>>> print(open('entry15.cif').read())   # mmCIF, C-alpha atoms
data_protein
loop_
_atom_site.label_atom_id
_atom_site.label_comp_id
_atom_site.auth_asym_id
_atom_site.auth_seq_id
_atom_site.Cartn_x
_atom_site.Cartn_y
_atom_site.Cartn_z
CA MET D 104 -2.59 21.69 3.04
CA LYS D 105 -2.68 18.59 0.84
CA ARG D 106 -4.54 15.56 2.19
CA VAL D 107 -3.03 12.07 1.87
CA VAL D 108 -4.65 8.75 2.68
CA VAL D 109 -2.00 6.22 3.67
CA GLY D 110 -2.60 2.51 3.33
CA LEU D 111 -1.51 1.47 6.83
CA SER D 112 -0.84 -2.27 6.71
CA GLY D 113 0.32 -2.60 10.29
CA GLY D 114 3.93 -3.05 9.15
CA VAL D 115 6.99 -0.91 9.64
CA ASP D 116 7.18 0.36 6.04
CA SER D 117 3.73 1.94 5.92
CA SER D 118 4.20 3.20 9.49
CA VAL D 119 7.34 5.12 8.51
CA ALA D 120 5.67 6.31 5.29
CA ALA D 121 2.85 7.83 7.37
CA HIS D 122 5.34 9.39 9.81
CA LEU D 123 7.33 10.98 6.97
CA LEU D 124 4.18 12.47 5.43
CA VAL D 125 3.11 13.97 8.77
CA LYS D 126 6.62 15.39 9.15
CA GLN D 127 6.41 16.89 5.63
CA GLY D 128 3.24 18.77 6.62
CA TYR D 129 0.54 16.76 4.85
CA GLU D 130 -2.87 16.17 6.40
CA VAL D 131 -2.64 12.39 6.82
CA ILE D 132 -5.43 9.84 7.22
CA GLY D 133 -4.57 6.19 7.91
CA MET D 134 -6.64 3.38 6.45
CA TYR D 135 -6.31 -0.37 6.83
CA MET D 136 -7.64 -2.48 3.95
CA ARG D 137 -9.26 -5.74 4.97
CA ASN D 138 -9.15 -7.90 1.86
CA TRP D 139 -10.17 -11.31 3.14
CA HIS D 140 -12.91 -12.72 5.40
CA ASP D 141 -12.92 -16.48 4.95
CA GLU D 142 -10.94 -17.84 7.91
CA SER D 143 -11.83 -21.43 6.88
CA VAL D 144 -9.12 -21.41 4.22
CA THR D 145 -6.26 -20.00 6.28
CA LEU D 146 -3.25 -22.19 7.09
CA SER D 147 -3.52 -21.73 10.86
CA ASP D 148 -5.96 -20.61 13.52
CA ASP D 149 -4.34 -17.18 13.55
CA CYS D 150 -6.14 -14.11 12.29
CA PRO D 151 -3.15 -11.98 11.28
CA TRP D 152 -5.37 -9.23 9.91
CA ILE D 153 -6.61 -8.52 13.45
CA ASP D 154 -3.06 -8.07 14.75
CA ASP D 155 -2.13 -6.02 11.69
CA SER D 156 -5.17 -3.74 11.93
CA ASN D 157 -4.51 -3.28 15.66
CA ASP D 158 -0.89 -2.32 14.92
CA ALA D 159 -2.11 0.10 12.24
CA LEU D 160 -4.49 1.67 14.78
CA LEU D 161 -1.67 2.03 17.32
CA ILE D 162 0.52 3.73 14.71
CA ALA D 163 -2.29 6.15 13.82
CA GLU D 164 -2.71 6.95 17.51
CA GLN D 165 1.05 7.47 17.92
CA LEU D 166 1.12 9.83 14.94
CA GLY D 167 -2.11 11.60 15.94
CA ILE D 168 -3.88 10.90 12.66
CA PRO D 169 -7.45 9.70 11.97
CA PHE D 170 -7.79 6.00 11.22
CA GLN D 171 -10.35 3.58 9.90
CA VAL D 172 -10.60 0.02 8.64
CA ILE D 173 -12.28 -0.47 5.27
CA ASP D 174 -13.59 -3.79 4.02
CA LEU D 175 -12.56 -4.48 0.43
CA SER D 176 -12.98 -8.27 0.63
CA LYS D 177 -15.84 -8.36 -1.90
CA GLU D 178 -13.82 -6.44 -4.50
CA TYR D 179 -10.70 -8.46 -3.71
CA LYS D 180 -12.53 -11.76 -4.25
CA GLU D 181 -14.13 -10.55 -7.49
CA ARG D 182 -11.07 -8.89 -9.01
CA ILE D 183 -8.14 -10.88 -7.65
CA VAL D 184 -9.11 -14.31 -6.28
CA ASN D 185 -11.54 -15.23 -9.07
CA TYR D 186 -9.02 -14.08 -11.69
CA MET D 187 -6.27 -16.17 -10.08
CA PHE D 188 -8.37 -19.33 -10.19
CA GLU D 189 -9.34 -18.70 -13.81
CA GLU D 190 -5.69 -18.24 -14.77
CA TYR D 191 -4.65 -21.42 -12.95
CA LYS D 192 -7.44 -23.35 -14.76
CA ILE D 193 -6.01 -22.44 -18.15
CA GLY D 194 -2.42 -23.23 -17.13
CA ARG D 195 -1.08 -19.73 -16.49
CA THR D 196 0.56 -18.41 -13.33
CA PRO D 197 -0.94 -15.07 -12.34
CA ASN D 198 0.77 -12.42 -10.24
CA PRO D 199 -1.80 -11.36 -7.64
CA ASP D 200 0.44 -8.61 -6.19
CA VAL D 201 0.63 -6.72 -9.48
CA LEU D 202 -3.11 -7.09 -9.97
CA CYS D 203 -3.94 -6.12 -6.37
CA ASN D 204 -1.98 -2.89 -6.67
CA ARG D 205 -3.68 -1.93 -9.94
CA GLU D 206 -7.20 -3.09 -9.08
CA ILE D 207 -7.49 -2.67 -5.31
CA LYS D 208 -4.92 -0.28 -3.78
CA PHE D 209 -4.78 2.18 -6.65
CA ASP D 210 -8.34 1.79 -7.91
CA VAL D 211 -10.97 0.85 -5.29
CA PHE D 212 -8.94 2.18 -2.35
CA MET D 213 -7.88 5.28 -4.28
CA LYS D 214 -11.49 6.09 -5.21
CA ILE D 215 -12.48 5.88 -1.53
CA ALA D 216 -9.56 8.16 -0.64
CA VAL D 217 -10.55 10.70 -3.30
CA SER D 218 -14.14 10.62 -2.01
CA LEU D 219 -12.69 11.70 1.36
CA GLY D 220 -11.04 14.69 -0.31
CA ALA D 221 -7.58 13.15 -0.63
CA ASP D 222 -5.15 14.65 -3.08
CA TYR D 223 -2.91 11.57 -2.90
CA VAL D 224 -2.73 7.95 -1.79
CA ALA D 225 0.51 6.78 -0.20
CA THR D 226 1.87 3.32 0.49
CA GLY D 227 4.99 1.83 2.03
CA HIS D 228 6.31 0.49 -1.28
CA TYR D 229 10.03 0.65 -1.98
CA CYS D 230 9.83 2.52 -5.26
CA ARG D 231 10.05 6.11 -6.47
CA LYS D 232 8.08 8.38 -8.76
CA ASN D 233 9.46 11.09 -11.00
CA THR D 234 7.41 13.57 -12.98
CA ILE D 235 8.68 15.11 -16.20
CA GLU D 236 7.08 17.25 -18.88
CA ILE D 237 6.76 16.10 -22.49
CA ASP D 238 5.12 18.41 -25.03
CA GLY D 239 3.49 20.39 -22.23
CA ASN D 240 2.05 17.29 -20.52
CA GLU D 241 3.08 15.80 -17.19
CA VAL D 242 4.40 12.25 -17.49
CA HIS D 243 4.87 10.19 -14.34
CA GLN D 244 7.70 7.71 -14.27
CA LEU D 245 7.81 4.74 -11.90
CA LEU D 246 11.39 4.18 -10.75
CA ALA D 247 13.11 1.49 -8.74
CA GLY D 248 13.46 2.06 -5.02
CA LYS D 249 16.84 3.11 -3.63
CA ASP D 250 17.18 -0.22 -1.79
CA ASP D 251 18.12 -2.81 -4.43
CA ASN D 252 17.24 -5.62 -2.02
CA LYS D 253 13.70 -4.32 -1.41
CA ASP D 254 12.74 -2.67 -4.72
CA GLN D 255 9.00 -3.17 -5.34
CA SER D 256 8.54 -1.15 -8.52
CA TYR D 257 7.77 -4.36 -10.42
CA PHE D 258 4.60 -4.86 -8.36
CA LEU D 259 3.36 -1.43 -9.49
CA CYS D 260 4.28 -1.85 -13.16
CA GLN D 261 0.66 -1.78 -14.38
CA LEU D 262 -0.36 1.51 -12.76
CA SER D 263 -1.77 4.04 -15.22
CA GLN D 264 -0.68 7.67 -15.52
CA GLU D 265 -3.87 8.68 -13.69
CA GLN D 266 -3.05 6.33 -10.82
CA LEU D 267 0.59 7.40 -10.64
CA ALA D 268 -0.43 11.07 -10.62
CA LYS D 269 -2.12 10.54 -7.24
CA ALA D 270 0.46 8.12 -5.78
CA LEU D 271 3.15 8.91 -3.21
CA PHE D 272 5.93 6.53 -2.15
CA PRO D 273 7.54 8.21 0.88
CA ILE D 274 10.12 5.50 1.65
CA GLY D 275 11.35 4.99 -1.91
CA GLU D 276 14.51 7.00 -1.28
CA LEU D 277 15.36 4.94 1.82
CA THR D 278 16.87 1.54 2.48
CA LYS D 279 15.17 -0.96 4.77
CA PRO D 280 17.79 -0.42 7.52
CA GLU D 281 17.12 3.34 7.31
CA VAL D 282 13.37 2.72 7.62
CA ARG D 283 13.91 0.51 10.67
CA ASP D 284 16.21 3.15 12.17
CA ILE D 285 13.56 5.87 11.77
CA ALA D 286 10.92 3.61 13.31
CA THR D 287 13.20 2.81 16.25
CA LYS D 288 14.08 6.47 16.86
CA MET D 289 10.39 7.42 16.72
CA GLU D 290 9.57 4.45 19.00
CA LEU D 291 6.90 3.26 16.58
CA VAL D 292 5.23 0.07 17.79
CA THR D 293 6.05 -1.63 14.48
CA ALA D 294 9.81 -0.86 14.60
CA GLU D 295 10.81 -4.47 15.27
CA LYS D 296 7.93 -6.17 13.45
CA LYS D 297 9.18 -8.77 10.97
CA ASP D 298 8.47 -8.40 7.26
CA SER D 299 5.41 -10.12 5.87
#
>>> encode(input="entry15.cif", output="structure tokens")
Amino acid sequence: MKRVVVGLSGGVDSSVAAHLLVKQGYEVIGMYMRNWHDESVTLSDDCPWIDDSNDALLIAEQLGIPFQVIDLSKEYKERIVNYMFEEYKIGRTPNPDVLCNREIKFDVFMKIAVSLGADYVATGHYCRKNTIEIDGNEVHQLLAGKDDNKDQSYFLCQLSQEQLAKALFPIGELTKPEVRDIATKMELVTAEKKDS
């Protein structure tokens, strides 16, 4: 049985992604990535990461999968936040989402997953992956998600072949309404949660 670590964000998309993988027979482990600690720079007194990590835990319990929270705030500050400020200083507008996927989710997070014996890392991104063979070598193609309104392939555009080889995107063939419908039918606690 192949092992998959799912980045459970506490939202409906990653919740349904985890559910689909369990249904497909994978051994699934849920992990919540905490990427920020400094509450002094938030726009309100809320701590949304606490609610999100609690929702992720509830989903893991509903699905009967192991769960843990991992702290990647140091790596996030070094690789994403510092880079953003440097880019702003020289007059460029960085895209932190593209960088976060390449540097955090599919690098630091993926290495942790592999150290736990994972064959794959899965996320709730609306995109698809196709694998073809060219001259005897596997080539992984990143494709747009089925839902034109939610396609997130752009945010994964810098993933390497090595990263794509270990990536799964379980909801890429679904539309957002279909994802919500699955979550509602499964009575997942995140079924009605608004998008971030």
>>> closest_residue(input="entry15.cif", among="D:Leu160, D:Ile237, D:Ile193, D:Leu271", to="Ser118 in chain D", atoms="all atoms listed in the file")
D:Leu160
>>> resolve_selection(input="entry15.cif", expression="the PyMOL selection byres ((chain D and resi 278-280) around 10)", output="PyMOL selection string")
chain D and resi 115-116+229+248-254+274-277+281-286
>>> closest_residue(input="entry15.cif", among="D:Cys230, D:Val242, D:Ala221, D:Leu124", to="Ser263 in chain D", atoms="only C-alpha atoms")
D:Val242
>>> resolve_selection(input="entry15.cif", expression="the PyMOL selection byres ((chain D and resi 196-206) around 6)", output="list in words")
Met187, Arg195, Ile207, Lys208, Phe209, Asp210, Phe258, Leu259 and Leu262 of chain D
>>> write_last_selection(input="entry15.cif", atoms="C-alpha atoms", output="short mmCIF file (atom, residue, chain, number, x, y, z; two decimals), in the coordinates of the input")
data_model
loop_
_atom_site.label_atom_id
_atom_site.label_comp_id
_atom_site.auth_asym_id
_atom_site.auth_seq_id
_atom_site.Cartn_x
_atom_site.Cartn_y
_atom_site.Cartn_z
CA MET D 187 -6.27 -16.17 -10.08
CA ARG D 195 -1.08 -19.73 -16.49
CA ILE D 207 -7.49 -2.67 -5.31
CA LYS D 208 -4.92 -0.28 -3.78
CA PHE D 209 -4.78 2.18 -6.65
CA ASP D 210 -8.34 1.79 -7.91
CA PHE D 258 4.60 -4.86 -8.36
CA LEU D 259 3.36 -1.43 -9.49
CA LEU D 262 -0.36 1.51 -12.76
#
>>> atom_distance(input="entry15.cif", atom1="CA of Asp298 in chain D", atom2="CA of Gly227 in chain D")
12.0 Å
>>> resolve_selection(input="entry15.cif", expression="the PyMOL selection byres ((chain D and resi 112) around 12)", output="MDAnalysis selection string")
chainID D and resid 109:111 113:121 133:138 151:163 170:173 208 225:228 293 296 298:299
>>> atom_distance(input="entry15.cif", atom1="CA of Leu267 in chain D", atom2="CA of Leu123 in chain D")
19.2 Å
>>> atom_distance(input="entry15.cif", atom1="CA of Phe212 in chain D", atom2="CA of Glu241 in chain D")
23.5 Å
>>> closest_residue(input="entry15.cif", among="D:Lys232, D:Lys297, D:Arg182, D:Lys269", to="Ala216 in chain D", atoms="all atoms listed in the file")
D:Lys269
>>> decode(input="entry15.cif", residues="range 177-291 of chain D", atoms="C-alpha atoms", output="JSON list (two decimals), in the first residue's frame")
[["chain", "number", "residue", "atom", "x", "y", "z"],
["D", 177, "LYS", "CA", 11.58, 29.32, 10.42],
["D", 178, "GLU", "CA", 11.92, 28.01, 6.87],
["D", 179, "TYR", "CA", 8.97, 30.11, 5.72],
["D", 180, "LYS", "CA", 10.52, 33.31, 7.11],
["D", 181, "GLU", "CA", 13.94, 32.52, 5.62],
["D", 182, "ARG", "CA", 12.77, 31.37, 2.19],
["D", 183, "ILE", "CA", 9.58, 33.34, 1.57],
["D", 184, "VAL", "CA", 9.21, 36.41, 3.79],
["D", 185, "ASN", "CA", 12.83, 37.58, 3.55],
["D", 186, "TYR", "CA", 12.78, 37.06, -0.23],
["D", 187, "MET", "CA", 9.55, 39.08, -0.53],
["D", 188, "PHE", "CA", 11.02, 42.05, 1.33],
["D", 189, "GLU", "CA", 14.19, 41.94, -0.75],
["D", 190, "GLU", "CA", 12.15, 41.92, -3.97],
["D", 191, "TYR", "CA", 10.00, 44.84, -2.78],
["D", 192, "LYS", "CA", 13.18, 46.81, -1.90],
["D", 193, "ILE", "CA", 14.43, 46.57, -5.48],
["D", 194, "GLY", "CA", 11.05, 47.47, -6.99],
["D", 195, "ARG", "CA", 9.80, 44.03, -8.03],
["D", 196, "THR", "CA", 6.54, 42.35, -7.05],
["D", 197, "PRO", "CA", 7.16, 38.78, -5.91],
["D", 198, "ASN", "CA", 4.62, 35.97, -5.98],
["D", 199, "PRO", "CA", 4.85, 34.30, -2.57],
["D", 200, "ASP", "CA", 2.36, 31.53, -3.48],
["D", 201, "VAL", "CA", 4.52, 30.23, -6.33],
["D", 202, "LEU", "CA", 7.60, 30.37, -4.12],
["D", 203, "CYS", "CA", 5.86, 28.77, -1.13],
["D", 204, "ASN", "CA", 4.77, 25.79, -3.21],
["D", 205, "ARG", "CA", 8.26, 25.25, -4.61],
["D", 206, "GLU", "CA", 10.24, 25.98, -1.45],
["D", 207, "ILE", "CA", 7.96, 24.93, 1.41],
["D", 208, "LYS", "CA", 5.16, 22.53, 0.40],
["D", 209, "PHE", "CA", 7.09, 20.58, -2.21],
["D", 210, "ASP", "CA", 10.56, 20.90, -0.68],
["D", 211, "VAL", "CA", 10.71, 21.19, 3.13],
["D", 212, "PHE", "CA", 7.31, 19.57, 3.68],
["D", 213, "MET", "CA", 7.96, 16.91, 1.04],
["D", 214, "LYS", "CA", 11.31, 15.98, 2.64],
["D", 215, "ILE", "CA", 9.57, 15.52, 6.00],
["D", 216, "ALA", "CA", 6.93, 13.35, 4.31],
["D", 217, "VAL", "CA", 9.57, 11.21, 2.60],
["D", 218, "SER", "CA", 11.37, 10.80, 5.94],
["D", 219, "LEU", "CA", 8.09, 9.31, 7.23],
["D", 220, "GLY", "CA", 8.14, 6.77, 4.41],
["D", 221, "ALA", "CA", 5.71, 8.60, 2.14],
["D", 222, "ASP", "CA", 5.62, 7.72, -1.52],
["D", 223, "TYR", "CA", 3.69, 10.89, -2.35],
["D", 224, "VAL", "CA", 2.62, 14.28, -1.05],
["D", 225, "ALA", "CA", -0.91, 15.43, -1.84],
["D", 226, "THR", "CA", -2.56, 18.83, -1.65],
["D", 227, "GLY", "CA", -5.97, 20.29, -2.35],
["D", 228, "HIS", "CA", -4.81, 22.25, -5.40],
["D", 229, "TYR", "CA", -7.09, 22.49, -8.41],
["D", 230, "CYS", "CA", -4.65, 21.17, -10.98],
["D", 231, "ARG", "CA", -3.82, 17.85, -12.63],
["D", 232, "LYS", "CA", -0.71, 15.84, -13.38],
["D", 233, "ASN", "CA", -0.10, 13.64, -16.39],
["D", 234, "THR", "CA", 2.87, 11.36, -16.89],
["D", 235, "ILE", "CA", 4.17, 10.47, -20.33],
["D", 236, "GLU", "CA", 7.25, 8.68, -21.58],
["D", 237, "ILE", "CA", 9.84, 10.37, -23.79],
["D", 238, "ASP", "CA", 12.88, 8.38, -24.93],
["D", 239, "GLY", "CA", 12.32, 5.85, -22.16],
["D", 240, "ASN", "CA", 12.08, 8.51, -19.42],
["D", 241, "GLU", "CA", 9.02, 9.52, -17.43],
["D", 242, "VAL", "CA", 8.05, 13.16, -17.92],
["D", 243, "HIS", "CA", 5.49, 14.71, -15.60],
["D", 244, "GLN", "CA", 3.22, 17.37, -17.00],
["D", 245, "LEU", "CA", 1.40, 19.90, -14.85],
["D", 246, "LEU", "CA", -2.05, 20.54, -16.30],
["D", 247, "ALA", "CA", -4.81, 23.01, -15.52],
["D", 248, "GLY", "CA", -7.53, 21.86, -13.15],
["D", 249, "LYS", "CA", -10.91, 20.88, -14.58],
["D", 250, "ASP", "CA", -12.57, 23.87, -12.89],
["D", 251, "ASP", "CA", -11.63, 26.92, -14.99],
["D", 252, "ASN", "CA", -12.73, 29.23, -12.16],
["D", 253, "LYS", "CA", -10.45, 27.58, -9.59],
["D", 254, "ASP", "CA", -7.44, 26.41, -11.64],
["D", 255, "GLN", "CA", -4.28, 26.72, -9.51],
["D", 256, "SER", "CA", -1.70, 25.21, -11.86],
["D", 257, "TYR", "CA", -0.02, 28.62, -12.17],
["D", 258, "PHE", "CA", 0.92, 28.52, -8.48],
["D", 259, "LEU", "CA", 2.77, 25.23, -9.06],
["D", 260, "CYS", "CA", 4.52, 26.31, -12.26],
["D", 261, "GLN", "CA", 8.02, 26.16, -10.76],
["D", 262, "LEU", "CA", 7.87, 22.58, -9.47],
["D", 263, "SER", "CA", 10.69, 20.39, -10.75],
["D", 264, "GLN", "CA", 10.27, 16.95, -12.32],
["D", 265, "GLU", "CA", 11.46, 15.41, -9.04],
["D", 266, "GLN", "CA", 8.81, 17.32, -7.10],
["D", 267, "LEU", "CA", 6.04, 16.52, -9.58],
["D", 268, "ALA", "CA", 6.98, 12.83, -9.51],
["D", 269, "LYS", "CA", 5.95, 12.66, -5.85],
["D", 270, "ALA", "CA", 2.93, 15.01, -6.09],
["D", 271, "LEU", "CA", -0.74, 14.03, -6.15],
["D", 272, "PHE", "CA", -3.63, 16.41, -6.82],
["D", 273, "PRO", "CA", -6.77, 14.39, -5.99],
["D", 274, "ILE", "CA", -9.33, 17.14, -6.68],
["D", 275, "GLY", "CA", -7.89, 18.32, -9.99],
["D", 276, "GLU", "CA", -10.55, 16.48, -11.99],
["D", 277, "LEU", "CA", -13.37, 18.07, -9.95],
["D", 278, "THR", "CA", -15.10, 21.43, -9.90],
["D", 279, "LYS", "CA", -15.50, 23.38, -6.67],
["D", 280, "PRO", "CA", -19.25, 22.60, -6.51],
["D", 281, "GLU", "CA", -18.42, 18.89, -6.86],
["D", 282, "VAL", "CA", -15.88, 19.16, -4.04],
["D", 283, "ARG", "CA", -18.43, 20.88, -1.80],
["D", 284, "ASP", "CA", -21.01, 18.22, -2.70],
["D", 285, "ILE", "CA", -18.64, 15.40, -1.70],
["D", 286, "ALA", "CA", -17.82, 17.17, 1.58],
["D", 287, "THR", "CA", -21.53, 17.66, 2.32],
["D", 288, "LYS", "CA", -22.40, 14.02, 1.55],
["D", 289, "MET", "CA", -19.52, 12.83, 3.75],
["D", 290, "GLU", "CA", -20.59, 15.31, 6.45],
["D", 291, "LEU", "CA", -17.05, 16.67, 6.68]]
